[in-house]
Each structure stands twice: as C-alpha cells, then as structure tokens.
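Engineer: I'd like to ask you about the structure that follows.
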Amino acid sequence: EISTKRRILASMLVLALLALPALAQESIGSVSGVVTDASGAAIPNAKIVITGPRLPKGLETNTDGTGNYVFVSLPVGVYSISVSAAGFQT
C-alpha cells in the first residue's frame with residue numbers, strides 16, 4: 001500500500017535526521033526499523049533496499065518474523081529506503 005510505504009519512508013527519514021548529530025563524530029552507523037501494514041501488523045520477509053551516494057549498488061535485507069530489519073556498518077550519509085512485500089502494491 002502506497003500510504004504505508006510513505007509512512008515508513010517518512011519515519012525512517014526522521015529517524016535518520018535525528019541520528020545525524022549523534023553520528024557527527026562517527027564514520028559509520030546503522031539503520032534499523034520495523035515494517036508494518038496499515039493495521040500495525042508486522043510484515044515478515046519484506047525486502048528492504050537501502051541506497052545512497054555512498055552506496056551506489058545499494059544493500060538488501062529482509063525483515064525477520066516480527067518485521068524488524070537492520071543495516072550495520074554504513075558510512076555516514078543520506079539514504080533512501082524502499083520496501084516491497086508479496087501482496088502489497090508499490
């Protein structure tokens with residue numbers, strides 16, 4: 001669902017922006033989150049792709065059984081995250 005993806009992307013952007021001051025003295029960081037549907041139910045095995053100027057090929061992972069995902073050891077920067085899952089439209 002488009003609105004769900006937009007909410008997720010907006011939430012991740014806010015979290016990333018809030019984390020920037022904390023990362024100011026670090027050269028690497030991480031991004032984590034939870035993918036849920038409009039009712040708040042976790043979406044297991046959703047495909048998460050993170051891309052940015054410092055990751056031209058991007059990185060992929062899948063959510064676990066409770067909808068959680070994490071990318072570790074990322075260079076500090078600005079990223080875009082996309083989410084896709086079976087049964088959900090883009």
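Identifiers in the structure tokens: chain A, B, ... in order shown; residue index from 1 per chain; ligand index from 1 in order shown.
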If we count only C-alpha atoms and set the cut-off at 7 Å, which residues sit around Thr63 (chain A), ignoring sequence neighbours fewer than 3 positions away in its own chain? Please answer as a list of chain:residue names.

Structural biologist: A:Pro44, A:Asn45, A:Ala46, A:Lys47, A:Gly67, A:Asn68, A:Tyr69

Engineer: Write out the residues from the selection above, keeping all heavy atoms, as a CSV table (one decimal), in the first residue's frame.

Structural biologist:
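Heads up, here's the output in again.csv:
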```csv
chain,number,residue,atom,x,y,z
A,44,PRO,N,6.5,-9.9,7.9
A,44,PRO,CA,7.8,-10.7,7.8
A,44,PRO,C,8.2,-10.9,6.4
A,44,PRO,O,7.4,-10.9,5.4
A,44,PRO,CB,7.3,-12.0,8.5
A,44,PRO,CG,5.9,-12.1,8.3
A,44,PRO,CD,5.4,-10.7,8.2
A,45,ASN,N,9.5,-11.1,6.2
A,45,ASN,CA,10.1,-11.4,4.9
A,45,ASN,C,9.9,-10.3,3.9
A,45,ASN,O,9.9,-10.5,2.7
A,45,ASN,CB,9.7,-12.7,4.4
A,45,ASN,CG,10.7,-13.3,3.4
A,45,ASN,OD1,11.9,-13.2,3.6
A,45,ASN,ND2,10.2,-14.0,2.4
A,46,ALA,N,9.7,-9.0,4.3
A,46,ALA,CA,9.6,-7.9,3.3
A,46,ALA,C,11.0,-7.6,2.9
A,46,ALA,O,12.0,-7.7,3.6
A,46,ALA,CB,9.0,-6.7,4.0
A,47,LYS,N,11.2,-7.3,1.6
A,47,LYS,CA,12.5,-6.9,1.1
A,47,LYS,C,12.8,-5.4,1.3
A,47,LYS,O,12.0,-4.6,0.9
A,47,LYS,CB,12.5,-7.2,-0.4
A,47,LYS,CG,13.9,-6.9,-1.1
A,47,LYS,CD,13.8,-7.2,-2.6
A,47,LYS,CE,15.1,-6.8,-3.3
A,47,LYS,NZ,14.9,-7.0,-4.7
A,67,GLY,N,9.0,-8.4,11.6
A,67,GLY,CA,9.0,-7.2,10.8
A,67,GLY,C,10.3,-6.3,11.0
A,67,GLY,O,10.4,-5.3,10.3
A,68,ASN,N,11.2,-6.7,11.8
A,68,ASN,CA,12.4,-5.9,12.1
A,68,ASN,C,13.5,-6.1,11.0
A,68,ASN,O,13.6,-7.2,10.4
A,68,ASN,CB,13.0,-6.3,13.4
A,68,ASN,CG,12.1,-5.9,14.6
A,68,ASN,OD1,11.9,-4.8,14.8
A,68,ASN,ND2,11.5,-6.9,15.2
A,69,TYR,N,14.2,-5.1,10.8
A,69,TYR,CA,15.4,-5.2,9.9
A,69,TYR,C,16.5,-4.2,10.4
A,69,TYR,O,16.2,-3.3,11.2
A,69,TYR,CB,15.1,-4.8,8.4
A,69,TYR,CG,14.7,-3.3,8.3
A,69,TYR,CD1,15.7,-2.4,8.0
A,69,TYR,CD2,13.4,-2.9,8.4
A,69,TYR,CE1,15.3,-1.0,7.8
A,69,TYR,CE2,13.0,-1.6,8.3
A,69,TYR,CZ,14.0,-0.6,8.0
A,69,TYR,OH,13.7,0.7,7.9
```

Engineer: Could you jot down the CA of Val76 (chain A) to CA of Val31 (chain A) separation for me, Å, one decimal place?

Structural biologist: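 Pair CA of Val76 (chain A) / CA of Val31 (chain A) returns 10.4 Å.
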
Engineer: Hey, can you check how far CA of Gly87 (chain A) sits from CA of Leu55 (chain A)?

Structural biologist: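 So the two atoms, CA of Gly87 (chain A) and CA of Leu55 (chain A), lie 28.3 Å apart.
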
Engineer: Here is a test: counting only C-alpha atoms, which residue of A:Ser30, A:Asp37, A:Val78, A:Thr66 is nearest to Pro53 (chain A)?

Structural biologist: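 Looking at the shortest contact to Pro53 (chain A), the residue is A:Val78.
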
Engineer: With distances taken over only C-alpha atoms, which of A:Ser11, A:Ser73, A:Thr51, A:Thr61 is nearest to Ile28 (chain A)?

Structural biologist: A:Ser73
